[in-house]
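Novice: Provided below: model.pdb, containing PDB, C-alpha atoms.
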```pdb
ATOM      1  CA  LYS E  85     118.349 144.238  67.073
ATOM      2  CA  ILE E  86     115.155 143.146  68.847
ATOM      3  CA  ASP E  87     113.733 141.867  65.568
ATOM      4  CA  GLN E  88     116.902 139.813  65.012
ATOM      5  CA  VAL E  89     116.643 138.226  68.448
ATOM      6  CA  LEU E  90     112.941 137.456  67.940
ATOM      7  CA  LYS E  91     113.621 135.940  64.544
ATOM      8  CA  LYS E  92     116.499 133.851  65.918
ATOM      9  CA  LYS E  93     114.409 132.612  68.858
ATOM     10  CA  SER E  94     111.056 132.345  67.036
ATOM     11  CA  LYS E  95     110.991 128.512  67.039
ATOM     12  CA  TRP E  96     111.715 128.405  70.787
ATOM     13  CA  ILE E  97     109.096 131.136  71.481
ATOM     14  CA  LYS E  98     106.450 129.270  69.445
ATOM     15  CA  GLU E  99     107.220 126.019  71.300
ATOM     16  CA  LYS E 100     106.848 127.724  74.685
ATOM     17  CA  LEU E 101     103.609 129.438  73.662
ATOM     18  CA  PHE E 102     102.252 126.095  72.439
ATOM     19  CA  LEU E 103     103.162 124.413  75.736
ATOM     20  CA  GLN E 104     101.534 127.230  77.717
ATOM     21  CA  SER E 105      98.339 126.898  75.681
ATOM     22  CA  LYS E 106      98.043 123.230  76.738
ATOM     23  CA  ILE E 107      98.146 124.011  80.475
ATOM     24  CA  GLN E 108      94.684 123.994  82.037
ATOM     25  CA  PRO E 109      94.034 126.720  84.613
ATOM     26  CA  ALA E 110      93.685 125.579  88.216
ATOM     27  CA  ARG E 111      90.181 125.720  89.644
ATOM     28  CA  LYS E 112      89.483 127.678  92.797
ATOM     29  CA  LYS E 113      88.287 125.551  95.712
ATOM     30  CA  ASP E 114      85.028 126.212  97.553
ATOM     31  CA  TYR E 115      85.742 123.756 100.418
ATOM     32  CA  VAL E 116      82.467 121.882 100.078
ATOM     33  CA  SER E 117      81.796 118.156 100.197
ATOM     34  CA  GLY E 118      82.451 116.445  96.882
ATOM     35  CA  GLU E 119      85.368 118.617  95.757
ATOM     36  CA  ASP E 120      88.494 116.900  94.476
ATOM     37  CA  PHE E 121      91.749 117.079  96.462
ATOM     38  CA  LEU E 122      95.092 115.455  95.660
ATOM     39  CA  PHE E 123      97.346 113.586  98.065
ATOM     40  CA  LEU E 124     100.392 111.610  96.870
ATOM     41  CA  GLY E 125      99.031 111.717  93.325
ATOM     42  CA  LYS E 126      95.652 110.207  94.205
ATOM     43  CA  HIS E 127      92.323 111.987  93.988
ATOM     44  CA  TYR E 128      90.158 112.156  97.109
ATOM     45  CA  ARG E 129      86.680 113.590  97.485
ATOM     46  CA  LEU E 130      86.302 116.102 100.280
ATOM     47  CA  LYS E 131      83.796 115.060 102.917
ATOM     48  CA  ILE E 132      82.906 117.594 105.594
ATOM     49  CA  LEU E 133      81.320 116.165 108.726
ATOM     50  CA  VAL E 134      80.239 117.664 112.026
ATOM     51  CA  GLY E 135      82.324 116.398 114.928
ATOM     52  CA  LYS E 136      83.194 117.305 118.493
ATOM     53  CA  LYS E 137      86.911 117.544 117.643
ATOM     54  CA  TYR E 138      88.563 119.216 114.684
ATOM     55  CA  ASN E 139      90.306 116.595 112.598
ATOM     56  CA  VAL E 140      91.362 115.678 109.051
ATOM     57  CA  GLU E 141      91.884 112.121 107.875
ATOM     58  CA  ILE E 142      91.829 109.961 104.785
ATOM     59  CA  THR E 143      89.184 107.272 104.931
ATOM     60  CA  ASN E 144      88.555 105.099 101.876
ATOM     61  CA  ASN E 145      88.509 107.532  98.939
ATOM     62  CA  TYR E 146      87.601 110.542 101.052
ATOM     63  CA  LEU E 147      89.563 113.349 102.619
ATOM     64  CA  THR E 148      87.347 113.833 105.644
ATOM     65  CA  VAL E 149      87.315 117.052 107.654
ATOM     66  CA  TYR E 150      85.552 117.160 111.014
ATOM     67  CA  VAL E 151      84.365 120.597 112.114
ATOM     68  CA  LYS E 152      81.817 121.987 114.550
ATOM     69  CA  ASP E 153      80.221 124.148 111.843
ATOM     70  CA  LYS E 154      80.149 122.876 108.236
ATOM     71  CA  SER E 155      79.664 126.410 106.929
ATOM     72  CA  ASN E 156      82.910 127.714 108.486
ATOM     73  CA  THR E 157      84.918 127.713 105.255
ATOM     74  CA  PRO E 158      87.958 129.573 106.672
ATOM     75  CA  LYS E 159      88.282 126.950 109.444
ATOM     76  CA  ILE E 160      87.982 124.079 106.928
ATOM     77  CA  LYS E 161      90.677 125.670 104.777
ATOM     78  CA  ARG E 162      92.992 126.169 107.800
ATOM     79  CA  LEU E 163      92.503 122.572 108.940
ATOM     80  CA  LEU E 164      93.275 121.251 105.451
ATOM     81  CA  HIS E 165      96.344 123.473 105.143
ATOM     82  CA  GLN E 166      97.644 122.342 108.551
ATOM     83  CA  TRP E 167      97.036 118.680 107.676
ATOM     84  CA  TYR E 168      98.845 118.976 104.333
ATOM     85  CA  VAL E 169     101.826 120.725 105.941
ATOM     86  CA  GLU E 170     102.072 117.982 108.590
ATOM     87  CA  GLN E 171     101.792 115.207 105.990
ATOM     88  CA  ALA E 172     104.355 116.913 103.749
ATOM     89  CA  SER E 173     106.803 117.298 106.613
ATOM     90  CA  THR E 174     106.549 113.648 107.639
ATOM     91  CA  TYR E 175     106.684 112.264 104.092
ATOM     92  CA  LEU E 176     109.436 114.533 102.762
ATOM     93  CA  ILE E 177     111.737 114.146 105.770
ATOM     94  CA  LYS E 178     111.430 110.349 105.554
ATOM     95  CA  LYS E 179     111.936 110.266 101.765
ATOM     96  CA  THR E 180     114.913 112.648 101.935
ATOM     97  CA  ASN E 181     116.581 110.608 104.678
ATOM     98  CA  GLN E 182     116.013 107.331 102.794
ATOM     99  CA  LEU E 183     117.453 108.618  99.525
ATOM    100  CA  ALA E 184     120.314 110.489 101.194
ATOM    101  CA  HIS E 185     121.300 107.313 103.050
ATOM    102  CA  LYS E 186     121.090 105.271  99.840
ATOM    103  CA  LEU E 187     123.328 107.791  98.035
ATOM    104  CA  SER E 188     125.697 108.284 101.023
ATOM    105  CA  LEU E 189     124.856 111.982 101.272
ATOM    106  CA  LYS E 190     124.637 114.043 104.436
ATOM    107  CA  VAL E 191     121.687 116.399 104.890
ATOM    108  CA  LYS E 192     121.882 118.930 107.715
ATOM    109  CA  SER E 193     118.096 119.372 108.017
ATOM    110  CA  THR E 194     114.875 118.988 106.056
ATOM    111  CA  LYS E 195     111.880 121.297 106.434
ATOM    112  CA  VAL E 196     108.750 122.323 104.574
ATOM    113  CA  ARG E 197     107.863 125.911 103.754
ATOM    114  CA  GLU E 198     105.362 127.993 101.873
ATOM    115  CA  TYR E 199     106.763 128.839  98.445
ATOM    116  CA  LYS E 200     104.914 130.513  95.608
ATOM    117  CA  ALA E 201     107.195 129.617  92.728
ATOM    118  CA  ARG E 202     109.533 126.797  93.724
ATOM    119  CA  TRP E 203     109.283 123.191  94.821
ATOM    120  CA  GLY E 204     112.474 122.961  96.832
ATOM    121  CA  SER E 205     115.787 124.511  97.681
ATOM    122  CA  CYS E 206     119.105 123.409  99.106
ATOM    123  CA  SER E 207     121.437 125.714 101.003
ATOM    124  CA  THR E 208     125.201 125.466 100.705
ATOM    125  CA  SER E 209     125.257 124.273 104.331
ATOM    126  CA  GLY E 210     123.106 121.216 103.483
ATOM    127  CA  LYS E 211     119.683 122.415 104.646
ATOM    128  CA  ILE E 212     116.893 121.273 102.328
ATOM    129  CA  PHE E 213     113.508 122.975 102.119
ATOM    130  CA  TYR E 214     110.427 121.825 100.224
ATOM    131  CA  ASN E 215     107.159 123.403  99.240
ATOM    132  CA  TRP E 216     104.465 121.677 101.335
ATOM    133  CA  ARG E 217     102.232 121.444  98.239
ATOM    134  CA  LEU E 218     104.638 118.873  96.796
ATOM    135  CA  VAL E 219     102.899 116.181  98.889
ATOM    136  CA  MET E 220      99.989 116.353  96.437
ATOM    137  CA  ALA E 221     102.155 115.101  93.551
ATOM    138  CA  PRO E 222     102.624 111.420  92.661
ATOM    139  CA  PRO E 223     105.428 109.683  94.599
ATOM    140  CA  LYS E 224     107.685 109.422  91.504
ATOM    141  CA  ILE E 225     107.464 113.195  90.995
ATOM    142  CA  ILE E 226     108.208 113.810  94.669
ATOM    143  CA  GLU E 227     111.219 111.513  94.316
ATOM    144  CA  TYR E 228     112.425 113.610  91.372
ATOM    145  CA  VAL E 229     112.259 116.819  93.440
ATOM    146  CA  VAL E 230     113.953 115.171  96.435
ATOM    147  CA  LEU E 231     116.761 113.821  94.250
ATOM    148  CA  HIS E 232     117.064 117.214  92.549
ATOM    149  CA  GLU E 233     117.719 118.858  95.915
ATOM    150  CA  LEU E 234     120.025 116.061  97.063
ATOM    151  CA  MET E 235     122.160 116.435  93.929
ATOM    152  CA  HIS E 236     122.656 120.072  94.913
ATOM    153  CA  LEU E 237     124.684 118.740  97.841
ATOM    154  CA  LYS E 238     127.205 117.587  95.232
ATOM    155  CA  GLU E 239     126.768 120.313  92.604
ATOM    156  CA  HIS E 240     125.231 123.536  93.893
ATOM    157  CA  ASN E 241     124.098 124.942  90.528
ATOM    158  CA  HIS E 242     122.184 123.932  87.403
ATOM    159  CA  SER E 243     125.184 123.293  85.182
ATOM    160  CA  PRO E 244     125.346 120.431  82.655
ATOM    161  CA  LYS E 245     127.324 118.520  85.316
ATOM    162  CA  PHE E 246     124.395 118.896  87.755
ATOM    163  CA  TRP E 247     121.834 117.626  85.210
ATOM    164  CA  LYS E 248     124.090 114.684  84.351
ATOM    165  CA  LEU E 249     124.346 113.784  88.053
ATOM    166  CA  LEU E 250     120.585 114.019  88.481
ATOM    167  CA  LYS E 251     119.925 111.926  85.371
ATOM    168  CA  SER E 252     122.276 109.248  86.723
ATOM    169  CA  VAL E 253     120.004 108.770  89.759
ATOM    170  CA  TYR E 254     116.696 109.672  88.096
ATOM    171  CA  PRO E 255     116.700 108.578  84.429
ATOM    172  CA  ASN E 256     113.124 109.811  83.737
ATOM    173  CA  LEU E 257     114.231 113.366  84.343
ATOM    174  CA  ASP E 258     112.592 114.849  81.240
ATOM    175  CA  SER E 259     109.173 113.321  81.875
ATOM    176  CA  ALA E 260     109.220 114.492  85.516
ATOM    177  CA  LYS E 261     110.145 118.033  84.482
ATOM    178  CA  GLN E 262     107.378 117.978  81.877
ATOM    179  CA  TRP E 263     104.865 116.665  84.439
ATOM    180  CA  MET E 264     105.717 119.597  86.713
ATOM    181  CA  VAL E 265     105.253 122.094  83.863
ATOM    182  CA  TYR E 266     101.821 120.736  82.965
ATOM    183  CA  ASN E 267     100.561 119.830  86.432
ATOM    184  CA  GLY E 268     102.475 121.788  89.064
ATOM    185  CA  HIS E 269      99.860 124.547  89.144
ATOM    186  CA  THR E 270      97.162 122.000  90.091
ATOM    187  CA  LEU E 271      98.900 121.191  93.372
ATOM    188  CA  HIS E 272      96.949 123.570  95.560
ATOM    189  CA  ILE E 273      94.196 123.588  98.129
TER     190      ILE E 273
END
```
Can you turn what I pasted into structure tokens?
Specialist:
Amino acid sequence: KIDQVLKKKSKWIKEKLFLQSKIQPARKKDYVSGEDFLFLGKHYRLKILVGKKYNVEITNNYLTVYVKDKSNTPKIKRLLHQWYVEQASTYLIKKTNQLAHKLSLKVKSTKVREYKARWGSCSTSGKIFYNWRLVMAPPKIIEYVVLHELMHLKEHNHSPKFWKLLKSVYPNLDSAKQWMVYNGHTLHI
């Protein structure tokens, strides 16, 4: 019986294995000046500077972190994480409210969380949650995820009706899904 299932699904299995082979592994960060970090789909070079106050900001093409000790990697990582969470919260709440208003949908609340394996979720009561790492993706991909969660306010499942609704508001659905498959794992700090 197992052999029959494998034979029946062999084309699908080969396609998935091929897709997986094309995905580049994510590189571990060392939190040193010159490393590449993403924000809203753009690449920024990390610049670590000594300062009197802890701070993170984007200046020109740099993601600049001010610390008292440039060798304090755990502190640099915490500051970057905190900055990304704050940016994600601001950006995703604004984008969700804009699109919900445009589509005449009512969202109860919008928050960011730490997820390992999902980009967003929508409760039956209308609360929407996003993975803070989403703020590293390009704006069009973020829009796809936001619209995905908003469509769950109308259809709280992944039925053909749900996908049809989502495609009606986001026609490039397939390319966005594919982008997430190939690039989602790179959205990390």
Novice: Tell me which residues the PyMOL selection byres ((chain E and resi 231-234) around 12) grabs here, as a PyMOL selection string.
Specialist: chain E and resi 176+179-194+202-208+210-215+224-230+235-242+246-257+260-261
Novice: What's the separation between CA of Gln104 in chain E and CA of Ser259 in chain E, in Å to one decimal place?
Specialist: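 So the answer is 16.4 Å.
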Novice: If you count only C-alpha atoms, which residues fall within 10 Å of range 148-154 of chain E, apart from same-chain ones fewer than 5 positions away, as a PyMOL selection string?
Specialist: chain E and resi 115-117+128-143+159-161+163-164+167
Novice: When you draw a straight line from CA of Thr174 in chain E to CA of Leu271 in chain E, how long is it in Å?
Specialist: 17.9 Å
Novice: Compare E:Asn267, E:Leu147, E:Arg217, E:Pro222 by their minimum atom-to-atom distance to Glu119 in chain E, counting all atoms listed in the file, and give me the closest one.
Specialist: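 Counting all atoms listed in the file, the residue closest to Glu119 in chain E is E:Leu147.
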Novice: Compare E:Tyr266, E:Ile177, E:Tyr168, E:Phe121 by their minimum atom-to-atom distance to Phe102 in chain E, counting only C-alpha atoms, and give me the closest one.
Specialist: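 The answer is E:Tyr266, which sits nearest to Phe102 in chain E.
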Novice: Pull the neighbourhood of (93.0, 127.4, 90.9) for me: all residues within 12 Å in file coordinates, counting all atoms listed in the file, as a list in words.
Specialist: Gln108, Pro109, Ala110, Arg111, Lys112, Lys113, Asp114, Asp120, Phe121, Asn267, Gly268, His269, Thr270, Leu271, His272 and Ile273 of chain E
Novice: Since the input is missing atoms for range 166-184 of chain E, could you rebuild it with N, CA, C and O atoms and give the result as a PDB file, in the coordinates of the input?
Specialist:
```pdb
ATOM      1  N   GLN E 166      96.841 122.900 107.456  1.00  0.00           N
ATOM      2  CA  GLN E 166      97.644 122.342 108.551  1.00  0.00           C
ATOM      3  C   GLN E 166      97.902 120.855 108.333  1.00  0.00           C
ATOM      4  O   GLN E 166      99.030 120.378 108.508  1.00  0.00           O
ATOM      5  N   TRP E 167      96.888 120.112 107.905  1.00  0.00           N
ATOM      6  CA  TRP E 167      97.036 118.680 107.676  1.00  0.00           C
ATOM      7  C   TRP E 167      98.040 118.429 106.555  1.00  0.00           C
ATOM      8  O   TRP E 167      98.926 117.576 106.693  1.00  0.00           O
ATOM      9  N   TYR E 168      97.917 119.153 105.456  1.00  0.00           N
ATOM     10  CA  TYR E 168      98.845 118.976 104.333  1.00  0.00           C
ATOM     11  C   TYR E 168     100.281 119.300 104.737  1.00  0.00           C
ATOM     12  O   TYR E 168     101.210 118.587 104.368  1.00  0.00           O
ATOM     13  N   VAL E 169     100.472 120.357 105.497  1.00  0.00           N
ATOM     14  CA  VAL E 169     101.826 120.725 105.941  1.00  0.00           C
ATOM     15  C   VAL E 169     102.411 119.614 106.811  1.00  0.00           C
ATOM     16  O   VAL E 169     103.576 119.230 106.646  1.00  0.00           O
ATOM     17  N   GLU E 170     101.603 119.076 107.725  1.00  0.00           N
ATOM     18  CA  GLU E 170     102.072 117.982 108.590  1.00  0.00           C
ATOM     19  C   GLU E 170     102.421 116.737 107.766  1.00  0.00           C
ATOM     20  O   GLU E 170     103.454 116.101 107.997  1.00  0.00           O
ATOM     21  N   GLN E 171     101.542 116.373 106.837  1.00  0.00           N
ATOM     22  CA  GLN E 171     101.792 115.207 105.990  1.00  0.00           C
ATOM     23  C   GLN E 171     103.045 115.405 105.136  1.00  0.00           C
ATOM     24  O   GLN E 171     103.851 114.490 104.979  1.00  0.00           O
ATOM     25  N   ALA E 172     103.185 116.607 104.582  1.00  0.00           N
ATOM     26  CA  ALA E 172     104.355 116.913 103.749  1.00  0.00           C
ATOM     27  C   ALA E 172     105.630 116.797 104.566  1.00  0.00           C
ATOM     28  O   ALA E 172     106.618 116.214 104.111  1.00  0.00           O
ATOM     29  N   SER E 173     105.617 117.339 105.760  1.00  0.00           N
ATOM     30  CA  SER E 173     106.803 117.298 106.613  1.00  0.00           C
ATOM     31  C   SER E 173     107.211 115.858 106.900  1.00  0.00           C
ATOM     32  O   SER E 173     108.368 115.476 106.708  1.00  0.00           O
ATOM     33  N   THR E 174     106.264 115.053 107.326  1.00  0.00           N
ATOM     34  CA  THR E 174     106.549 113.648 107.639  1.00  0.00           C
ATOM     35  C   THR E 174     107.066 112.901 106.413  1.00  0.00           C
ATOM     36  O   THR E 174     108.106 112.240 106.462  1.00  0.00           O
ATOM     37  N   TYR E 175     106.346 113.015 105.307  1.00  0.00           N
ATOM     38  CA  TYR E 175     106.684 112.264 104.092  1.00  0.00           C
ATOM     39  C   TYR E 175     108.033 112.711 103.515  1.00  0.00           C
ATOM     40  O   TYR E 175     108.872 111.877 103.164  1.00  0.00           O
ATOM     41  N   LEU E 176     108.230 114.017 103.416  1.00  0.00           N
ATOM     42  CA  LEU E 176     109.436 114.533 102.762  1.00  0.00           C
ATOM     43  C   LEU E 176     110.698 114.328 103.601  1.00  0.00           C
ATOM     44  O   LEU E 176     111.768 114.062 103.057  1.00  0.00           O
ATOM     45  N   ILE E 177     110.575 114.425 104.909  1.00  0.00           N
ATOM     46  CA  ILE E 177     111.737 114.146 105.770  1.00  0.00           C
ATOM     47  C   ILE E 177     112.136 112.677 105.621  1.00  0.00           C
ATOM     48  O   ILE E 177     113.309 112.352 105.430  1.00  0.00           O
ATOM     49  N   LYS E 178     111.149 111.785 105.674  1.00  0.00           N
ATOM     50  CA  LYS E 178     111.430 110.349 105.554  1.00  0.00           C
ATOM     51  C   LYS E 178     112.049 110.035 104.190  1.00  0.00           C
ATOM     52  O   LYS E 178     113.064 109.336 104.103  1.00  0.00           O
ATOM     53  N   LYS E 179     111.450 110.545 103.115  1.00  0.00           N
ATOM     54  CA  LYS E 179     111.936 110.266 101.765  1.00  0.00           C
ATOM     55  C   LYS E 179     113.338 110.842 101.569  1.00  0.00           C
ATOM     56  O   LYS E 179     114.211 110.190 100.982  1.00  0.00           O
ATOM     57  N   THR E 180     113.591 112.027 102.061  1.00  0.00           N
ATOM     58  CA  THR E 180     114.913 112.648 101.935  1.00  0.00           C
ATOM     59  C   THR E 180     115.954 111.828 102.677  1.00  0.00           C
ATOM     60  O   THR E 180     117.038 111.558 102.144  1.00  0.00           O
ATOM     61  N   ASN E 181     115.631 111.412 103.900  1.00  0.00           N
ATOM     62  CA  ASN E 181     116.581 110.608 104.678  1.00  0.00           C
ATOM     63  C   ASN E 181     116.863 109.264 104.007  1.00  0.00           C
ATOM     64  O   ASN E 181     118.008 108.812 103.972  1.00  0.00           O
ATOM     65  N   GLN E 182     115.828 108.616 103.478  1.00  0.00           N
ATOM     66  CA  GLN E 182     116.013 107.331 102.794  1.00  0.00           C
ATOM     67  C   GLN E 182     116.942 107.467 101.591  1.00  0.00           C
ATOM     68  O   GLN E 182     117.896 106.693 101.431  1.00  0.00           O
ATOM     69  N   LEU E 183     116.657 108.454 100.738  1.00  0.00           N
ATOM     70  CA  LEU E 183     117.453 108.618  99.525  1.00  0.00           C
ATOM     71  C   LEU E 183     118.859 109.137  99.826  1.00  0.00           C
ATOM     72  O   LEU E 183     119.815 108.714  99.179  1.00  0.00           O
ATOM     73  N   ALA E 184     118.990 109.999 100.811  1.00  0.00           N
ATOM     74  CA  ALA E 184     120.314 110.489 101.194  1.00  0.00           C
ATOM     75  C   ALA E 184     121.169 109.336 101.709  1.00  0.00           C
ATOM     76  O   ALA E 184     122.350 109.217 101.355  1.00  0.00           O
TER      77      ALA E 184
END
```
